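Data block for entry.cif (mmCIF, C-alpha atoms):
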```
data_work
#
loop_
_atom_site.group_PDB
_atom_site.id
_atom_site.type_symbol
_atom_site.label_atom_id
_atom_site.label_comp_id
_atom_site.auth_asym_id
_atom_site.auth_seq_id
_atom_site.Cartn_x
_atom_site.Cartn_y
_atom_site.Cartn_z
ATOM 1 C CA MET A 1 44.980 4.967 -23.357
ATOM 2 C CA ILE A 2 41.982 2.829 -24.232
ATOM 3 C CA ARG A 3 38.658 3.813 -25.754
ATOM 4 C CA TYR A 4 35.524 1.988 -24.626
ATOM 5 C CA SER A 5 32.034 1.957 -26.037
ATOM 6 C CA LEU A 6 29.803 2.282 -22.993
ATOM 7 C CA ILE A 7 26.118 1.861 -22.203
ATOM 8 C CA CYS A 8 24.146 3.032 -19.179
ATOM 9 C CA GLU A 9 21.199 1.307 -17.501
ATOM 10 C CA GLU A 10 18.857 3.474 -19.618
ATOM 11 C CA ASP A 11 20.495 2.054 -22.804
ATOM 12 C CA HIS A 12 22.211 5.319 -23.787
ATOM 13 C CA GLN A 13 25.390 4.526 -25.713
ATOM 14 C CA PHE A 14 28.526 6.668 -25.732
ATOM 15 C CA ASP A 15 32.311 6.343 -25.943
ATOM 16 C CA SER A 16 35.046 7.472 -23.585
ATOM 17 C CA TRP A 17 38.817 7.184 -23.135
ATOM 18 C CA PHE A 18 40.509 5.708 -20.053
ATOM 19 C CA GLN A 19 44.115 5.447 -18.911
ATOM 20 C CA SER A 20 43.790 1.652 -18.814
ATOM 21 C CA ALA A 21 41.277 -1.174 -18.439
ATOM 22 C CA ASP A 22 42.008 -1.177 -14.709
ATOM 23 C CA ALA A 23 41.349 2.587 -14.535
ATOM 24 C CA PHE A 24 37.908 2.093 -16.102
ATOM 25 C CA ASP A 25 37.083 -0.711 -13.649
ATOM 26 C CA LYS A 26 38.073 1.409 -10.627
ATOM 27 C CA LEU A 27 36.224 4.519 -11.828
ATOM 28 C CA ALA A 28 33.081 2.578 -12.725
ATOM 29 C CA ALA A 29 33.083 0.765 -9.359
ATOM 30 C CA ALA A 30 33.306 4.153 -7.597
ATOM 31 C CA ALA A 31 30.371 5.509 -9.695
ATOM 32 C CA MET A 32 32.683 8.081 -11.263
ATOM 33 C CA VAL A 33 31.786 7.243 -14.866
ATOM 34 C CA SER A 34 28.511 8.880 -15.879
ATOM 35 C CA CYS A 35 26.290 8.767 -18.941
ATOM 36 C CA VAL A 36 26.613 11.804 -21.196
ATOM 37 C CA VAL A 37 22.845 11.825 -21.741
ATOM 38 C CA CYS A 38 21.177 11.134 -18.395
ATOM 39 C CA GLY A 39 24.058 11.414 -15.930
ATOM 40 C CA GLY A 40 23.434 7.884 -14.605
ATOM 41 C CA THR A 41 26.433 6.172 -13.056
ATOM 42 C CA LYS A 42 25.447 2.550 -13.672
ATOM 43 C CA VAL A 43 27.624 2.248 -16.771
ATOM 44 C CA ARG A 44 29.127 -0.853 -18.366
ATOM 45 C CA LYS A 45 31.211 -1.646 -21.417
ATOM 46 C CA SER A 46 29.237 -2.579 -24.498
ATOM 47 C CA VAL A 47 30.270 -4.875 -27.322
ATOM 48 C CA MET A 48 32.876 -3.206 -29.487
ATOM 49 C CA ALA A 49 35.050 -4.064 -32.451
ATOM 50 C CA PRO A 50 38.772 -3.301 -32.578
ATOM 51 C CA ARG A 51 39.596 -0.082 -34.416
ATOM 52 C CA ILE A 52 42.549 0.152 -36.733
ATOM 53 C CA GLY A 53 43.557 3.394 -38.397
ATOM 54 C CA LYS A 54 42.871 7.095 -37.847
ATOM 55 C CA ALA A 55 40.864 8.137 -34.760
ATOM 56 C CA ASP A 56 37.456 9.772 -35.158
ATOM 57 C CA ASP A 57 37.232 13.546 -35.158
ATOM 58 C CA ILE A 58 33.926 13.355 -33.226
ATOM 59 C CA ALA A 59 34.083 14.337 -29.565
ATOM 60 C CA LEU A 60 33.502 11.293 -27.358
ATOM 61 C CA ALA A 61 30.908 13.001 -25.174
ATOM 62 C CA THR A 62 28.791 14.081 -28.154
ATOM 63 C CA PRO A 63 25.267 12.620 -27.965
ATOM 64 C CA ALA A 64 24.611 10.272 -30.887
ATOM 65 C CA THR A 65 20.985 11.188 -31.675
ATOM 66 C CA ASP A 66 18.757 14.268 -31.785
ATOM 67 C CA ALA A 67 16.831 12.940 -28.764
ATOM 68 C CA GLU A 68 20.054 12.544 -26.753
ATOM 69 C CA ASN A 69 21.128 16.045 -27.776
ATOM 70 C CA SER A 70 17.761 17.487 -26.689
ATOM 71 C CA LEU A 71 18.022 15.766 -23.292
ATOM 72 C CA ARG A 72 21.571 17.063 -22.867
ATOM 73 C CA LYS A 73 20.442 20.630 -23.640
ATOM 74 C CA MET A 74 17.501 20.314 -21.230
ATOM 75 C CA ARG A 75 19.763 19.035 -18.446
ATOM 76 C CA GLU A 76 22.237 21.876 -19.034
ATOM 77 C CA LYS A 77 19.436 24.464 -18.909
ATOM 78 C CA VAL A 78 17.945 23.032 -15.706
ATOM 79 C CA GLU A 79 21.360 22.843 -14.037
ATOM 80 C CA ALA A 80 22.311 26.382 -15.124
ATOM 81 C CA ASN A 81 19.045 27.958 -13.945
ATOM 82 C CA SER A 82 18.219 25.956 -10.810
ATOM 83 C CA GLU A 83 19.753 25.008 -7.491
ATOM 84 C CA HIS A 84 20.548 21.342 -6.893
ATOM 85 C CA VAL A 85 19.263 20.449 -3.422
ATOM 86 C CA GLY A 86 19.997 16.719 -3.670
ATOM 87 C CA ALA A 87 18.063 14.365 -1.412
ATOM 88 C CA ASN A 88 16.530 17.370 0.391
ATOM 89 C CA PHE A 89 14.249 18.092 -2.575
ATOM 90 C CA ALA A 90 10.899 17.254 -0.932
ATOM 91 C CA SER A 91 11.742 19.151 2.258
ATOM 92 C CA GLU A 92 13.044 22.196 0.372
ATOM 93 C CA ALA A 93 10.034 22.242 -1.988
ATOM 94 C CA ARG A 94 7.721 22.296 1.042
ATOM 95 C CA LYS A 95 9.703 25.142 2.642
ATOM 96 C CA ILE A 96 9.545 27.188 -0.567
ATOM 97 C CA HIS A 97 5.817 26.518 -0.939
ATOM 98 C CA SER A 98 5.083 27.579 2.647
ATOM 99 C CA GLY A 99 7.293 30.678 2.459
ATOM 100 C CA GLU A 100 9.875 29.374 4.961
ATOM 101 C CA ALA A 101 12.580 29.444 2.274
ATOM 102 C CA PRO A 102 13.156 31.948 -0.541
ATOM 103 C CA GLU A 103 11.316 31.199 -3.798
ATOM 104 C CA ARG A 104 13.662 29.795 -6.430
ATOM 105 C CA ALA A 105 13.940 27.007 -8.984
ATOM 106 C CA ILE A 106 15.302 23.797 -7.470
ATOM 107 C CA TYR A 107 15.948 20.230 -8.582
ATOM 108 C CA GLY A 108 17.056 17.102 -6.783
ATOM 109 C CA GLU A 109 16.010 13.613 -5.812
ATOM 110 C CA ALA A 110 12.834 12.493 -4.056
ATOM 111 C CA LYS A 111 11.427 9.116 -3.139
ATOM 112 C CA PRO A 112 8.298 8.276 -5.152
ATOM 113 C CA GLN A 113 6.068 8.480 -2.058
ATOM 114 C CA ASP A 114 7.495 11.913 -1.175
ATOM 115 C CA ALA A 115 6.920 13.237 -4.709
ATOM 116 C CA LYS A 116 3.355 11.881 -4.628
ATOM 117 C CA ALA A 117 2.724 13.596 -1.272
ATOM 118 C CA LEU A 118 3.985 16.913 -2.681
ATOM 119 C CA ILE A 119 1.566 16.654 -5.608
ATOM 120 C CA GLU A 120 -1.323 15.657 -3.324
ATOM 121 C CA ASP A 121 -0.582 18.719 -1.167
ATOM 122 C CA GLY A 122 -0.761 21.009 -4.214
ATOM 123 C CA ILE A 123 2.982 21.628 -4.464
ATOM 124 C CA PRO A 124 3.898 21.642 -8.164
ATOM 125 C CA VAL A 125 6.714 19.237 -9.029
ATOM 126 C CA LEU A 126 7.803 17.606 -12.264
ATOM 127 C CA PRO A 127 9.966 14.525 -12.769
ATOM 128 C CA LEU A 128 13.008 15.149 -14.945
ATOM 129 C CA PRO A 129 13.992 12.634 -17.646
ATOM 130 C CA PHE A 130 17.634 12.572 -16.557
ATOM 131 C CA MET A 131 19.904 12.312 -13.549
ATOM 132 C CA PRO A 132 21.866 15.412 -12.493
ATOM 133 C CA SER A 133 25.411 15.412 -13.814
ATOM 134 C CA ARG A 134 28.180 15.051 -11.282
ATOM 135 C CA LYS A 135 29.954 18.261 -10.366
ATOM 136 C CA THR A 136 33.706 17.859 -10.119
ATOM 137 C CA ASN A 137 36.533 20.209 -9.200
#
```

Show the structure stored in the file as structure tokens.
Amino acid sequence: MIRYSLICEEDHQFDSWFQSADAFDKLAAAAMVSCVVCGGTKVRKSVMAPRIGKADDIALATPATDAENSLRKMREKVEANSEHVGANFASEARKIHSGEAPERAIYGEAKPQDAKALIEDGIPVLPLPFMPSRKTN
């Protein structure tokens, strides 16, 4: 097992364990390593010093700052109380607004021009400061 200090493209830093250096490389290339704060999958190793002695008692996925912890809690609340509709967000938001689909809280991804069009059409949307976490079996 090997522990890496990691950093995502949003500069969030966190640590994680991997079976081997090769295992990290394969998982990262397949976008299967995600940031504990924003859920982003563009993650790379950061500079780290060798560690000698007793391992930390801190969980590796624990956010390092109050801001990271607040974002994590917000993401968990959104994911627990909303339906992830993925890339169909703009279409589903329009259907809900027009009454073609049942009213409910949703979240997902939208192209900037699609989000702008929703706002211009009076459909309330809000950008989230994180990426959805990956659901795994």

Test item: the PyMOL selection byres ((chain A and resi 82) around 12) resolved as an MDAnalysis selection string:
chainID A and resid 74:81 83:86 103:108 132

Can you translate the PyMOL selection byres ((chain A and resi 6-12) around 10) into the concrete residues it hits in this file, as an NGL selection string?
:A and (3-5 or 13-16 or 33-48 or 63-65 or 68 or 130)

Between A:Ile123, A:Leu27, A:Ala110, A:Met32, which is the closest to A:Ser98 once you count only C-alpha atoms?
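Checking each of A:Ile123, A:Leu27, A:Ala110, A:Met32 against A:Ser98, counting only C-alpha atoms, the winner is A:Ile123.
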
Interatomic distance, atom CA of A:Ala117 to atom CA of A:Glu100 (Å, one decimal)
18.4 Å

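Checking A:Ala93, A:Ile2, A:Lys73, A:Ser20 one by one against A:Glu109, counting only C-alpha atoms, you find the shortest gap at A:Ala93.
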
Give me, please, the distance in Å between atom CA of A:Met1 and atom CA of A:Ala21, quoted to one decimal.
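These two atoms are separated by 8.7 Å.
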
Report, in Å to a single decimal, how far apart atom CA of A:Arg72 and atom CA of A:Pro129 are.
10.2 Å

How would you write, as a list in words, the residues chosen by the PyMOL selection byres ((chain A and resi 94) around 12) on this structure?
Asn88, Phe89, Ala90, Ser91, Glu92, Ala93, Lys95, Ile96, His97, Ser98, Gly99, Glu100, Ala101, Pro102, Glu103, Ile106, Asp114, Ala115, Ala117, Leu118, Ile119, Asp121, Gly122, Ile123, Pro124 and Val125 of chain A

Please give the centre and size of the box around stretch 26-41 of chain A (axis-aligned, containing every atom listed in the file, 8 Å added per side), with values in Å to one decimal and written as AutoDock Vina command-line options.
```
--center_x 29.6 --center_y 6.3 --center_z -14.7 --size_x 32.9 --size_y 27.1 --size_z 30.1
```
